[in-house]
$ cat start_36.cif   # mmCIF, C-alpha atoms and all ligand atoms
data_my_file
#
loop_
_atom_site.group_PDB
_atom_site.id
_atom_site.type_symbol
_atom_site.label_atom_id
_atom_site.label_comp_id
_atom_site.auth_asym_id
_atom_site.auth_seq_id
_atom_site.Cartn_x
_atom_site.Cartn_y
_atom_site.Cartn_z
ATOM 1 C CA MET A 289 90.240 -147.887 -47.204
ATOM 2 C CA ILE A 290 89.531 -144.859 -45.049
ATOM 3 C CA ALA A 291 86.541 -143.852 -42.947
ATOM 4 C CA VAL A 292 85.091 -140.522 -44.029
ATOM 5 C CA PHE A 293 82.654 -138.340 -42.114
ATOM 6 C CA ASP A 294 80.612 -135.274 -42.985
ATOM 7 C CA ILE A 295 79.379 -133.482 -39.886
ATOM 8 C CA GLY A 296 76.245 -131.473 -40.589
ATOM 9 C CA GLY A 297 73.596 -129.756 -38.507
ATOM 10 C CA THR A 298 71.232 -132.694 -38.036
ATOM 11 C CA ALA A 299 73.142 -135.751 -39.184
ATOM 12 C CA ILE A 300 76.608 -137.158 -39.609
ATOM 13 C CA LYS A 301 77.005 -138.798 -42.993
ATOM 14 C CA TYR A 302 79.792 -141.278 -43.313
ATOM 15 C CA GLY A 303 81.327 -143.743 -45.658
ATOM 16 C CA VAL A 304 84.010 -146.329 -46.116
ATOM 17 C CA VAL A 305 85.855 -145.138 -49.187
ATOM 18 C CA SER A 306 88.960 -146.232 -51.083
ATOM 19 C CA LEU A 307 91.676 -143.688 -51.738
ATOM 20 C CA ASN A 308 90.516 -143.743 -55.356
ATOM 21 C CA GLY A 309 87.104 -142.495 -54.307
ATOM 22 C CA GLU A 310 85.122 -145.736 -54.565
ATOM 23 C CA ILE A 311 82.433 -145.607 -51.912
ATOM 24 C CA TYR A 312 81.862 -149.018 -50.315
ATOM 25 C CA ARG A 313 79.481 -147.963 -47.646
ATOM 26 C CA HIS A 314 77.430 -144.802 -47.375
ATOM 27 C CA ASP A 315 75.167 -144.141 -44.447
ATOM 28 C CA SER A 316 74.269 -141.544 -41.831
ATOM 29 C CA PHE A 317 73.160 -141.238 -38.270
ATOM 30 C CA PRO A 318 71.258 -138.410 -36.615
ATOM 31 C CA THR A 319 73.084 -136.068 -34.334
ATOM 32 C CA ASP A 320 72.341 -133.101 -32.187
ATOM 33 C CA VAL A 321 75.021 -130.466 -32.612
ATOM 34 C CA ARG A 322 73.803 -128.694 -29.456
ATOM 35 C CA LEU A 323 75.435 -131.458 -27.429
ATOM 36 C CA GLY A 324 78.681 -129.747 -28.332
ATOM 37 C CA GLY A 325 81.881 -130.389 -30.225
ATOM 38 C CA GLU A 326 83.396 -132.968 -27.868
ATOM 39 C CA ALA A 327 80.271 -135.134 -27.898
ATOM 40 C CA LEU A 328 80.063 -134.870 -31.682
ATOM 41 C CA ILE A 329 83.615 -136.110 -32.154
ATOM 42 C CA ASP A 330 83.081 -138.869 -29.569
ATOM 43 C CA ARG A 331 80.251 -140.147 -31.773
ATOM 44 C CA VAL A 332 82.556 -140.115 -34.789
ATOM 45 C CA ILE A 333 85.160 -142.092 -32.832
ATOM 46 C CA GLY A 334 82.489 -144.594 -31.719
ATOM 47 C CA ARG A 335 81.447 -145.154 -35.327
ATOM 48 C CA VAL A 336 85.061 -145.608 -36.453
ATOM 49 C CA LYS A 337 85.448 -148.381 -33.877
ATOM 50 C CA GLU A 338 82.311 -150.089 -35.161
ATOM 51 C CA LEU A 339 83.523 -149.835 -38.755
ATOM 52 C CA GLN A 340 86.885 -151.310 -37.744
ATOM 53 C CA THR A 341 85.190 -154.581 -36.773
ATOM 54 C CA GLU A 342 84.160 -155.002 -40.414
ATOM 55 C CA TRP A 343 86.715 -153.099 -42.476
ATOM 56 C CA GLU A 344 90.447 -152.566 -42.616
ATOM 57 C CA ILE A 345 90.519 -148.827 -41.931
ATOM 58 C CA SER A 346 93.861 -147.095 -42.524
ATOM 59 C CA GLY A 347 92.883 -143.481 -41.891
ATOM 60 C CA ILE A 348 90.102 -141.031 -41.164
ATOM 61 C CA SER A 349 89.003 -137.874 -42.932
ATOM 62 C CA ILE A 350 86.401 -135.457 -41.624
ATOM 63 C CA SER A 351 84.408 -132.754 -43.387
ATOM 64 C CA THR A 352 82.724 -130.346 -41.007
ATOM 65 C CA ALA A 353 81.066 -126.985 -40.586
ATOM 66 C CA GLY A 354 83.245 -124.271 -39.094
ATOM 67 C CA GLN A 355 86.419 -122.505 -40.114
ATOM 68 C CA ILE A 356 88.961 -125.285 -40.047
ATOM 69 C CA ASP A 357 92.730 -125.105 -39.755
ATOM 70 C CA SER A 358 93.044 -127.890 -42.284
ATOM 71 C CA VAL A 359 96.790 -128.206 -41.790
ATOM 72 C CA ASN A 360 96.503 -129.150 -38.124
ATOM 73 C CA GLY A 361 92.920 -130.410 -38.004
ATOM 74 C CA VAL A 362 91.771 -127.811 -35.492
ATOM 75 C CA VAL A 363 88.503 -125.847 -35.443
ATOM 76 C CA PHE A 364 89.758 -122.296 -35.858
ATOM 77 C CA HIS A 365 86.321 -120.775 -35.362
ATOM 78 C CA ALA A 366 82.756 -122.047 -35.185
ATOM 79 C CA THR A 367 79.475 -120.390 -34.299
ATOM 80 C CA ASP A 368 77.567 -121.207 -31.129
ATOM 81 C CA ASN A 369 75.458 -123.663 -33.129
ATOM 82 C CA ILE A 370 78.043 -126.215 -32.012
ATOM 83 C CA PRO A 371 78.980 -125.286 -28.441
ATOM 84 C CA GLY A 372 82.622 -125.786 -27.541
ATOM 85 C CA TYR A 373 83.697 -126.440 -31.114
ATOM 86 C CA THR A 374 86.001 -123.427 -31.465
ATOM 87 C CA GLY A 375 89.550 -124.432 -30.574
ATOM 88 C CA LEU A 376 88.844 -128.169 -30.564
ATOM 89 C CA ASN A 377 91.757 -130.169 -31.940
ATOM 90 C CA ILE A 378 89.769 -132.786 -33.842
ATOM 91 C CA SER A 379 92.830 -134.430 -35.386
ATOM 92 C CA SER A 380 94.629 -135.117 -32.127
ATOM 93 C CA LYS A 381 91.446 -136.214 -30.311
ATOM 94 C CA VAL A 382 90.540 -138.721 -33.016
ATOM 95 C CA HIS A 383 94.145 -139.830 -33.482
ATOM 96 C CA GLU A 384 94.591 -140.469 -29.742
ATOM 97 C CA ALA A 385 91.438 -142.578 -29.642
ATOM 98 C CA THR A 386 92.127 -144.615 -32.779
ATOM 99 C CA GLY A 387 95.853 -144.437 -33.530
ATOM 100 C CA LEU A 388 95.015 -143.578 -37.138
ATOM 101 C CA LYS A 389 96.061 -140.695 -39.368
ATOM 102 C CA VAL A 390 93.370 -138.003 -39.437
ATOM 103 C CA SER A 391 92.627 -135.095 -41.737
ATOM 104 C CA VAL A 392 89.963 -132.409 -41.287
ATOM 105 C CA GLU A 393 88.616 -129.815 -43.723
ATOM 106 C CA ASN A 394 85.696 -127.374 -43.896
ATOM 107 C CA ASP A 395 82.584 -128.866 -45.505
ATOM 108 C CA VAL A 396 82.174 -126.353 -48.331
ATOM 109 C CA ASN A 397 85.862 -126.709 -49.160
ATOM 110 C CA CYS A 398 85.228 -130.464 -49.298
ATOM 111 C CA THR A 399 82.345 -129.928 -51.731
ATOM 112 C CA ALA A 400 84.728 -127.935 -53.940
ATOM 113 C CA LEU A 401 87.484 -130.563 -53.675
ATOM 114 C CA GLY A 402 85.061 -133.408 -54.377
ATOM 115 C CA GLU A 403 83.553 -131.698 -57.412
ATOM 116 C CA HIS A 404 87.010 -130.794 -58.699
ATOM 117 C CA TRP A 405 88.299 -134.326 -58.253
ATOM 118 C CA MET A 406 85.368 -136.211 -59.758
ATOM 119 C CA GLY A 407 82.489 -133.889 -60.565
ATOM 120 C CA VAL A 408 81.538 -130.803 -62.545
ATOM 121 C CA ALA A 409 84.690 -128.835 -61.730
ATOM 122 C CA ARG A 410 87.141 -131.350 -63.213
ATOM 123 C CA GLY A 411 89.906 -129.442 -64.972
ATOM 124 C CA ALA A 412 88.838 -126.026 -63.650
ATOM 125 C CA ALA A 413 91.653 -123.869 -62.280
ATOM 126 C CA ASP A 414 89.621 -121.007 -60.801
ATOM 127 C CA PHE A 415 86.131 -121.519 -59.494
ATOM 128 C CA LEU A 416 83.691 -120.567 -56.810
ATOM 129 C CA CYS A 417 81.611 -123.133 -54.962
ATOM 130 C CA VAL A 418 78.450 -121.854 -53.291
ATOM 131 C CA THR A 419 76.285 -124.040 -51.072
ATOM 132 C CA ILE A 420 72.775 -122.809 -50.508
ATOM 133 C CA GLY A 421 70.907 -124.115 -47.485
ATOM 134 C CA THR A 422 69.989 -122.669 -44.093
ATOM 135 C CA GLY A 423 72.863 -120.270 -44.733
ATOM 136 C CA ILE A 424 75.152 -119.733 -47.717
ATOM 137 C CA GLY A 425 78.642 -121.191 -47.683
ATOM 138 C CA GLY A 426 81.415 -120.462 -50.121
ATOM 139 C CA ALA A 427 84.715 -121.978 -51.160
ATOM 140 C CA LEU A 428 87.314 -120.310 -53.332
ATOM 141 C CA PHE A 429 89.364 -122.583 -55.545
ATOM 142 C CA LEU A 430 91.995 -120.400 -57.161
ATOM 143 C CA ARG A 431 95.030 -121.211 -59.252
ATOM 144 C CA GLU A 432 94.542 -124.963 -58.931
ATOM 145 C CA GLY A 433 93.955 -125.088 -55.191
ATOM 146 C CA LEU A 434 91.745 -124.023 -52.318
ATOM 147 C CA TYR A 435 92.335 -120.521 -51.041
ATOM 148 C CA ALA A 436 91.736 -120.513 -47.271
ATOM 149 C CA GLY A 437 93.277 -117.274 -46.024
ATOM 150 C CA PRO A 438 95.311 -116.757 -42.824
ATOM 151 C CA ALA A 439 92.308 -117.392 -40.530
ATOM 152 C CA PHE A 440 90.916 -120.186 -42.730
ATOM 153 C CA ALA A 441 87.911 -117.951 -43.315
ATOM 154 C CA ALA A 442 88.091 -116.978 -46.991
ATOM 155 C CA GLY A 443 85.019 -117.411 -49.155
ATOM 156 C CA GLU A 444 82.453 -116.424 -46.509
ATOM 157 C CA ILE A 445 80.158 -115.283 -49.266
ATOM 158 C CA GLY A 446 77.098 -115.693 -47.006
ATOM 159 C CA HIS A 447 78.198 -112.678 -45.020
ATOM 160 C CA ILE A 448 78.984 -110.170 -47.722
ATOM 161 C CA ASN A 449 76.719 -107.182 -47.315
ATOM 162 C CA LEU A 450 73.666 -107.009 -49.521
ATOM 163 C CA TYR A 451 71.398 -104.550 -47.683
ATOM 164 C CA PRO A 452 73.051 -102.165 -45.175
ATOM 165 C CA GLY A 453 70.881 -102.005 -42.062
ATOM 166 C CA GLY A 454 68.922 -105.054 -43.185
ATOM 167 C CA ARG A 455 67.989 -108.253 -41.398
ATOM 168 C CA VAL A 456 70.071 -109.295 -38.423
ATOM 169 C CA CYS A 457 72.398 -112.196 -39.223
ATOM 170 C CA THR A 458 73.786 -115.022 -37.091
ATOM 171 C CA CYS A 459 77.236 -113.423 -37.496
ATOM 172 C CA GLY A 460 76.093 -110.302 -35.621
ATOM 173 C CA ASN A 461 75.966 -108.020 -38.660
ATOM 174 C CA GLU A 462 72.962 -106.777 -40.544
ATOM 175 C CA GLY A 463 71.911 -107.254 -44.136
ATOM 176 C CA CYS A 464 74.094 -110.260 -44.938
ATOM 177 C CA TYR A 465 73.640 -112.048 -48.256
ATOM 178 C CA GLU A 466 72.489 -115.315 -46.681
ATOM 179 C CA GLN A 467 69.604 -113.547 -44.951
ATOM 180 C CA TYR A 468 68.142 -112.892 -48.419
ATOM 181 C CA ALA A 469 69.374 -115.604 -50.753
ATOM 182 C CA SER A 470 69.520 -118.836 -48.717
ATOM 183 C CA SER A 471 66.900 -121.589 -48.944
ATOM 184 C CA LYS A 472 65.691 -120.467 -45.546
ATOM 185 C CA ALA A 473 65.291 -116.918 -46.845
ATOM 186 C CA LEU A 474 63.202 -118.237 -49.731
ATOM 187 C CA GLU A 475 61.020 -120.187 -47.304
ATOM 188 C CA MET A 476 60.501 -117.041 -45.264
ATOM 189 C CA LEU A 477 59.668 -115.023 -48.357
ATOM 190 C CA VAL A 478 57.061 -117.603 -49.367
ATOM 191 C CA GLN A 479 55.652 -117.613 -45.873
ATOM 192 C CA GLU A 480 55.402 -113.811 -45.784
ATOM 193 C CA LYS A 481 53.771 -113.584 -49.156
ATOM 194 C CA PHE A 482 51.272 -116.442 -48.895
ATOM 195 C CA ASP A 483 50.886 -116.579 -45.133
ATOM 196 C CA SER A 484 51.535 -120.297 -45.089
ATOM 197 C CA ILE A 485 54.498 -122.550 -44.502
ATOM 198 C CA MET A 486 55.323 -124.386 -47.685
ATOM 199 C CA ASP A 487 57.912 -127.062 -48.328
ATOM 200 C CA LEU A 488 60.313 -125.779 -50.986
ATOM 201 C CA ARG A 489 59.861 -128.950 -53.041
ATOM 202 C CA ASP A 490 56.135 -128.169 -53.295
ATOM 203 C CA PHE A 491 56.961 -124.559 -54.053
ATOM 204 C CA PHE A 492 59.187 -125.539 -56.982
ATOM 205 C CA GLU A 493 56.506 -127.922 -58.202
ATOM 206 C CA GLN A 494 54.075 -124.986 -58.343
ATOM 207 C CA LEU A 495 56.665 -122.851 -60.118
ATOM 208 C CA ARG A 496 57.069 -125.496 -62.783
ATOM 209 C CA ASN A 497 53.313 -125.366 -63.264
ATOM 210 C CA GLY A 498 53.648 -121.652 -63.946
ATOM 211 C CA GLN A 499 51.961 -120.300 -60.813
ATOM 212 C CA GLU A 500 52.294 -116.548 -61.471
ATOM 213 C CA GLU A 501 52.416 -115.139 -57.943
ATOM 214 C CA MET A 502 54.922 -117.728 -56.879
ATOM 215 C CA LEU A 503 57.091 -116.997 -59.899
ATOM 216 C CA GLU A 504 57.178 -113.375 -58.776
ATOM 217 C CA VAL A 505 58.472 -114.359 -55.331
ATOM 218 C CA PHE A 506 60.958 -116.750 -56.912
ATOM 219 C CA HIS A 507 62.371 -114.095 -59.225
ATOM 220 C CA GLN A 508 62.760 -111.663 -56.336
ATOM 221 C CA TRP A 509 64.836 -114.290 -54.501
ATOM 222 C CA VAL A 510 66.880 -115.124 -57.616
ATOM 223 C CA ASP A 511 67.549 -111.402 -58.043
ATOM 224 C CA ASP A 512 69.071 -111.224 -54.541
ATOM 225 C CA LEU A 513 70.975 -114.446 -55.168
ATOM 226 C CA THR A 514 72.617 -113.149 -58.329
ATOM 227 C CA ASN A 515 73.310 -109.710 -56.812
ATOM 228 C CA GLY A 516 75.686 -111.458 -54.424
ATOM 229 C CA LEU A 517 77.190 -113.651 -57.114
ATOM 230 C CA ARG A 518 77.759 -110.611 -59.318
ATOM 231 C CA SER A 519 80.049 -109.043 -56.709
ATOM 232 C CA VAL A 520 82.105 -112.187 -56.342
ATOM 233 C CA VAL A 521 82.376 -112.731 -60.096
ATOM 234 C CA HIS A 522 83.708 -109.221 -60.581
ATOM 235 C CA MET A 523 86.147 -109.756 -57.726
ATOM 236 C CA ILE A 524 87.744 -113.047 -58.719
ATOM 237 C CA ASN A 525 86.806 -113.632 -62.381
ATOM 238 C CA PRO A 526 86.062 -117.363 -61.956
ATOM 239 C CA GLU A 527 85.657 -119.696 -64.915
ATOM 240 C CA LEU A 528 82.953 -121.606 -63.066
ATOM 241 C CA ILE A 529 80.421 -121.230 -60.280
ATOM 242 C CA ILE A 530 79.113 -124.441 -58.727
ATOM 243 C CA ILE A 531 75.801 -124.288 -56.925
ATOM 244 C CA GLY A 532 75.518 -126.924 -54.203
ATOM 245 C CA GLY A 533 73.389 -127.576 -51.156
ATOM 246 C CA GLY A 534 69.901 -129.061 -50.945
ATOM 247 C CA ILE A 535 68.397 -126.619 -53.414
ATOM 248 C CA SER A 536 70.634 -127.843 -56.241
ATOM 249 C CA GLU A 537 68.248 -130.791 -56.624
ATOM 250 C CA GLN A 538 65.924 -128.323 -58.408
ATOM 251 C CA GLY A 539 68.222 -128.789 -61.404
ATOM 252 C CA ASP A 540 67.893 -126.934 -64.686
ATOM 253 C CA PHE A 541 64.801 -124.973 -63.677
ATOM 254 C CA LEU A 542 66.750 -123.164 -60.969
ATOM 255 C CA LEU A 543 70.025 -123.148 -62.893
ATOM 256 C CA ASP A 544 68.457 -121.491 -65.943
ATOM 257 C CA ALA A 545 66.862 -118.795 -63.768
ATOM 258 C CA ILE A 546 70.197 -118.058 -62.076
ATOM 259 C CA LYS A 547 72.072 -117.924 -65.378
ATOM 260 C CA THR A 548 69.514 -115.694 -67.073
ATOM 261 C CA SER A 549 69.607 -113.251 -64.179
ATOM 262 C CA LEU A 550 73.368 -113.342 -63.553
ATOM 263 C CA TYR A 551 74.603 -112.985 -67.127
ATOM 264 C CA LYS A 552 72.577 -109.788 -67.489
ATOM 265 C CA LYS A 553 74.332 -108.280 -64.482
ATOM 266 C CA ILE A 554 77.986 -108.994 -65.140
ATOM 267 C CA MET A 555 80.382 -107.356 -67.537
ATOM 268 C CA PRO A 556 80.504 -109.078 -70.930
ATOM 269 C CA ASN A 557 84.200 -109.965 -70.599
ATOM 270 C CA HIS A 558 83.445 -111.830 -67.368
ATOM 271 C CA ALA A 559 80.365 -113.501 -68.831
ATOM 272 C CA SER A 560 82.224 -114.783 -71.870
ATOM 273 C CA LYS A 561 84.433 -117.012 -69.717
ATOM 274 C CA LEU A 562 81.975 -117.968 -66.972
ATOM 275 C CA GLN A 563 80.048 -121.200 -66.620
ATOM 276 C CA VAL A 564 77.465 -121.905 -63.936
ATOM 277 C CA LYS A 565 76.686 -125.504 -63.006
ATOM 278 C CA MET A 566 74.843 -127.455 -60.368
ATOM 279 C CA ALA A 567 76.971 -129.672 -58.134
ATOM 280 C CA GLU A 568 77.053 -133.184 -59.533
ATOM 281 C CA TYR A 569 77.712 -135.299 -56.495
ATOM 282 C CA GLY A 570 75.117 -133.874 -54.121
ATOM 283 C CA ASN A 571 75.617 -135.152 -50.614
ATOM 284 C CA LYS A 572 78.466 -137.432 -51.653
ATOM 285 C CA ALA A 573 80.698 -134.555 -52.771
ATOM 286 C CA ASN A 574 81.781 -133.769 -49.213
ATOM 287 C CA LEU A 575 82.811 -137.371 -48.570
ATOM 288 C CA LEU A 576 84.790 -137.491 -51.806
ATOM 289 C CA GLY A 577 86.322 -134.097 -51.065
ATOM 290 C CA ALA A 578 87.388 -135.325 -47.631
ATOM 291 C CA VAL A 579 89.131 -138.268 -49.310
ATOM 292 C CA LYS A 580 90.881 -135.840 -51.660
ATOM 293 C CA HIS A 581 91.968 -133.683 -48.753
ATOM 294 C CA TYR A 582 93.328 -136.780 -47.007
ATOM 295 C CA ARG A 583 95.274 -137.678 -50.160
ATOM 296 C CA ASN A 584 96.650 -134.141 -50.438
ATOM 297 C CA GLN A 585 97.770 -134.268 -46.826
ATOM 298 C CA TYR A 586 99.217 -137.761 -46.591
ATOM 299 C CA LEU A 587 100.118 -139.026 -50.045
ATOM 300 C CA ARG A 588 103.256 -137.052 -50.591
ATOM 301 C CA GLU A 589 103.493 -137.770 -54.286
ATOM 302 C CA GLU A 590 100.274 -135.810 -54.812
ATOM 303 C CA LYS A 591 101.504 -132.521 -53.454
ATOM 304 C CA GLY A 592 101.267 -130.051 -56.271
ATOM 305 C CA VAL A 593 100.075 -132.556 -58.841
ATOM 306 C CA GLU A 594 96.684 -133.611 -60.116
ATOM 307 C CA ARG A 595 94.867 -131.211 -57.809
HETATM 308 ZN ZN ZN B 1 76.247 -112.521 -41.519
#
$ encode --input "start_36.cif" --output "structure tokens"
Amino acid sequence: MIAVFDIGGTAIKYGVVSLNGEIYRHDSFPTDVRLGGEALIDRVIGRVKELQTEWEISGISISTAGQIDSVNGVVFHATDNIPGYTGLNISSKVHEATGLKVSVENDVNCTALGEHWMGVARGAADFLCVTIGTGIGGALFLREGLYAGPAFAAGEIGHINLYPGGRVCTCGNEGCYEQYASSKALEMLVQEKFDSIMDLRDFFEQLRNGQEEMLEVFHQWVDDLTNGLRSVVHMINPELIIIGGGISEQGDFLLDAIKTSLYKKIMPNHASKLQVKMAEYGNKANLLGAVKHYRNQYLREEKGVER
């Protein structure tokens, strides 16, 4: 049994999970990332100690935002959203406090690993995982494994350029994809157009009822979304794109709109081999992916097999 954590912007989800992926406990507690990286990890350690009073915990795996050196469990780079996170050696800090083996991986990579292990990407050798939320995250799973790159920064699809000179992005550039195709971008578009703040769930409800003006806004957003996907498809020729993040709960309505728009934009040879699916495991995928990463790191017999 290992303790698994998923560190997000407003909450830390966690679970007690077997190495086969059976989740025995699944819960979350609120957190404030502005307290900084050290405080965040101290809270994780505190929760591990609580769990140890009830469960036999043999290891810890952590899924987190940031570019993660997943070999050494160090934050290679993180934005100022989590002060003091860059450079933090999560593995050694947690190991020193608990004595347990620790593994750490980027959260979108964990989504990809979780979906490949147990979800919609089972059996896929080359796929792209895109999580759509406040920003847009990406993970590249190529030739049967995650592709991280030398700075653990590959798959930053949210920051490919969509509109030169466009909106200023959190990364310091202008016109980044996530400024136009994230959930937050859709919220802003709705707000601009209708001069009111609308919850996206209500917005999708209206879309399903065929509200014309809203459909127009929606299709504009989908158009930007698939413009970014088109570039990546032509670059890596994936067999599958997984759409994750909160918006994936909109299911087939959103999926059908993305597919209709995307297939028109890509070359027929790419389209013939490409599937697009919603993530299956929702907010559990990261926990499962963290377990898979832990297995890849510590169960030697798994190296190179059954990835
Ligand atoms: Zn950017």
$ residues_around --input "start_36.cif" --residues "Thr386 (chain A)" --least-positions-apart "2" --cutoff "8 Å" --atoms "all atoms listed in the file" --output "JSON, numbers by chain"
{"A": [333, 337, 382, 383, 384, 388]}
$ write_last_selection --input "start_36.cif" --atoms "C-alpha atoms" --output "short mmCIF file (atom, residue, chain, number, x, y, z; two decimals), in the coordinates of the input"
data_model
loop_
_atom_site.label_atom_id
_atom_site.label_comp_id
_atom_site.auth_asym_id
_atom_site.auth_seq_id
_atom_site.Cartn_x
_atom_site.Cartn_y
_atom_site.Cartn_z
CA ILE A 333 85.16 -142.09 -32.83
CA LYS A 337 85.45 -148.38 -33.88
CA VAL A 382 90.54 -138.72 -33.02
CA HIS A 383 94.14 -139.83 -33.48
CA GLU A 384 94.59 -140.47 -29.74
CA LEU A 388 95.02 -143.58 -37.14
#
$ resolve_selection --input "start_36.cif" --expression "the PyMOL selection byres (((chain A and resi 311) around 12) and not hetatm)" --output "list of chain:residue names"
A:Met289, A:Ile290, A:Ala291, A:Val292, A:Tyr302, A:Gly303, A:Val304, A:Val305, A:Ser306, A:Leu307, A:Asn308, A:Gly309, A:Glu310, A:Tyr312, A:Arg313, A:His314, A:Asp315, A:Lys572, A:Ala573, A:Leu575, A:Leu576, A:Val579
$ closest_residue --input "start_36.cif" --among "A:Val505, A:Ala473, A:Cys464, A:Ile546" --to "ligand ZN 1 (chain B)" --atoms "all atoms listed in the file"
A:Cys464
$ residues_near_ligand --input "start_36.cif" --ligand "ligand ZN 1 (chain B)" --cutoff "7 Å" --atoms "only C-alpha atoms and all ligand atoms" --output "mmCIF file with C-alpha atoms, in the frame of the given file"
data_model
loop_
_atom_site.group_PDB
_atom_site.id
_atom_site.type_symbol
_atom_site.label_atom_id
_atom_site.label_comp_id
_atom_site.auth_asym_id
_atom_site.auth_seq_id
_atom_site.Cartn_x
_atom_site.Cartn_y
_atom_site.Cartn_z
ATOM 1 C CA GLY A 446 77.098 -115.693 -47.006
ATOM 2 C CA HIS A 447 78.198 -112.678 -45.020
ATOM 3 C CA CYS A 457 72.398 -112.196 -39.223
ATOM 4 C CA THR A 458 73.786 -115.022 -37.091
ATOM 5 C CA CYS A 459 77.236 -113.423 -37.496
ATOM 6 C CA GLY A 460 76.093 -110.302 -35.621
ATOM 7 C CA ASN A 461 75.966 -108.020 -38.660
ATOM 8 C CA GLU A 462 72.962 -106.777 -40.544
ATOM 9 C CA CYS A 464 74.094 -110.260 -44.938
ATOM 10 C CA GLU A 466 72.489 -115.315 -46.681
#
$ closest_residue --input "start_36.cif" --among "A:Pro526, A:Gly463, A:Gly423, A:Gly411" --to "Asn449 (chain A)" --atoms "all atoms listed in the file"
A:Gly463
$ resolve_selection --input "start_36.cif" --expression "the PyMOL selection byres (((chain A and resi 485-496) around 10) and not hetatm)" --output "list in words"
Ser471, Lys472, Leu474, Glu475, Met476, Leu477, Val478, Gln479, Glu480, Phe482, Asp483, Ser484, Asn497, Gly498, Gln499, Glu500, Glu501, Met502, Leu503, Glu504, Val505, Phe506, Ile535, Glu537, Gln538, Phe541 and Leu542 of chain A
$ atom_distance --input "start_36.cif" --atom1 "CA of Tyr582 (chain A)" --atom2 "CA of Val520 (chain A)"
28.6 Å
$ atom_distance --input "start_36.cif" --atom1 "CA of Ser358 (chain A)" --atom2 "CA of Ser519 (chain A)"
27.1 Å
$ closest_residue --input "start_36.cif" --among "A:Ala469, A:Ile370, A:Leu339, A:Ile529" --to "Asp512 (chain A)" --atoms "all atoms listed in the file"
A:Ala469
$ closest_residue --input "start_36.cif" --among "A:Gln508, A:Val456, A:Val521, A:Ala409" --to "Ala567 (chain A)" --atoms "all atoms listed in the file"
A:Ala409
$ closest_atom_pairs --input "start_36.cif" --of "region 342-361 of chain A" --to "region 397-407 of chain A" --cutoff "12 Å" --atoms "all atoms listed in the file" --output "JSON lines"
{"residue": "A:Ser349", "atom": "CA", "partner": "A:Cys398", "partner_atom": "CA", "distance": 10.5}
{"residue": "A:Ile350", "atom": "CA", "partner": "A:Cys398", "partner_atom": "CA", "distance": 9.2}
{"residue": "A:Ser351", "atom": "CA", "partner": "A:Cys398", "partner_atom": "CA", "distance": 6.4}
{"residue": "A:Thr352", "atom": "CA", "partner": "A:Cys398", "partner_atom": "CA", "distance": 8.7}
{"residue": "A:Ala353", "atom": "CA", "partner": "A:Asn397", "partner_atom": "CA", "distance": 9.8}
{"residue": "A:Gly354", "atom": "CA", "partner": "A:Asn397", "partner_atom": "CA", "distance": 10.7}
{"residue": "A:Gln355", "atom": "CA", "partner": "A:Asn397", "partner_atom": "CA", "distance": 10.0}
{"residue": "A:Ile356", "atom": "CA", "partner": "A:Asn397", "partner_atom": "CA", "distance": 9.7}
{"residue": "A:Asp357", "atom": "CA", "partner": "A:Asn397", "partner_atom": "CA", "distance": 11.8}
{"residue": "A:Ser358", "atom": "CA", "partner": "A:Asn397", "partner_atom": "CA", "distance": 10.0}
$ residues_near_point --input "start_36.cif" --point "(74.2, -120.8, -66.4)" --cutoff "6 Å" --atoms "all atoms listed in the file" --output "list in words"
Leu543, Asp544, Lys547, Gln563 and Val564 of chain A
$ write_last_selection --input "start_36.cif" --atoms "C-alpha atoms" --output "mmCIF file, in the coordinates of the input"
data_model
loop_
_atom_site.group_PDB
_atom_site.id
_atom_site.type_symbol
_atom_site.label_atom_id
_atom_site.label_comp_id
_atom_site.auth_asym_id
_atom_site.auth_seq_id
_atom_site.Cartn_x
_atom_site.Cartn_y
_atom_site.Cartn_z
ATOM 1 C CA LEU A 543 70.025 -123.148 -62.893
ATOM 2 C CA ASP A 544 68.457 -121.491 -65.943
ATOM 3 C CA LYS A 547 72.072 -117.924 -65.378
ATOM 4 C CA GLN A 563 80.048 -121.200 -66.620
ATOM 5 C CA VAL A 564 77.465 -121.905 -63.936
#
$ residues_around --input "start_36.cif" --residues "region 548-556 of chain A" --least-positions-apart "3" --cutoff "8 Å" --atoms "all atoms listed in the file" --output "list in words"
Val510, Asp511, Thr514, Asn515, Leu517, Arg518, Val521, His522, Asp544, Ala545, Ala559 and Ser560 of chain A
$ closest_residue --input "start_36.cif" --among "A:Asp368, A:Asp395, A:Glu342, A:Asp320" --to "Asn571 (chain A)" --atoms "only C-alpha atoms"
A:Asp395
$ atom_distance --input "start_36.cif" --atom1 "CA of Thr374 (chain A)" --atom2 "CA of Gly325 (chain A)"
8.2 Å
$ closest_residue --input "start_36.cif" --among "A:Ile448, A:Glu393, A:Ser346, A:Val408" --to "Val363 (chain A)" --atoms "all atoms listed in the file"
A:Glu393
$ residues_around --input "start_36.cif" --residues "region 429-432 of chain A" --least-positions-apart "3" --cutoff "7 Å" --atoms "all atoms listed in the file" --output "PDB file with C-alpha atoms, in the coordinates of the input"
ATOM      1  CA  ALA A 413      91.653-123.869 -62.280  1.00  0.00           C
ATOM      2  CA  ASP A 414      89.621-121.007 -60.801  1.00  0.00           C
ATOM      3  CA  PHE A 415      86.131-121.519 -59.494  1.00  0.00           C
ATOM      4  CA  LEU A 416      83.691-120.567 -56.810  1.00  0.00           C
ATOM      5  CA  TYR A 435      92.335-120.521 -51.041  1.00  0.00           C
ATOM      6  CA  ARG A 595      94.867-131.211 -57.809  1.00  0.00           C
TER       7      ARG A 595
END
$ axis_aligned_box --input "start_36.cif" --around "region 420-437 of chain A" --padding-each-side "3 Å" --output "JSON"
{"center_x": 82.5, "center_y": -121.2, "center_z": -51.7, "size_x": 31.0, "size_y": 13.8, "size_z": 21.2}
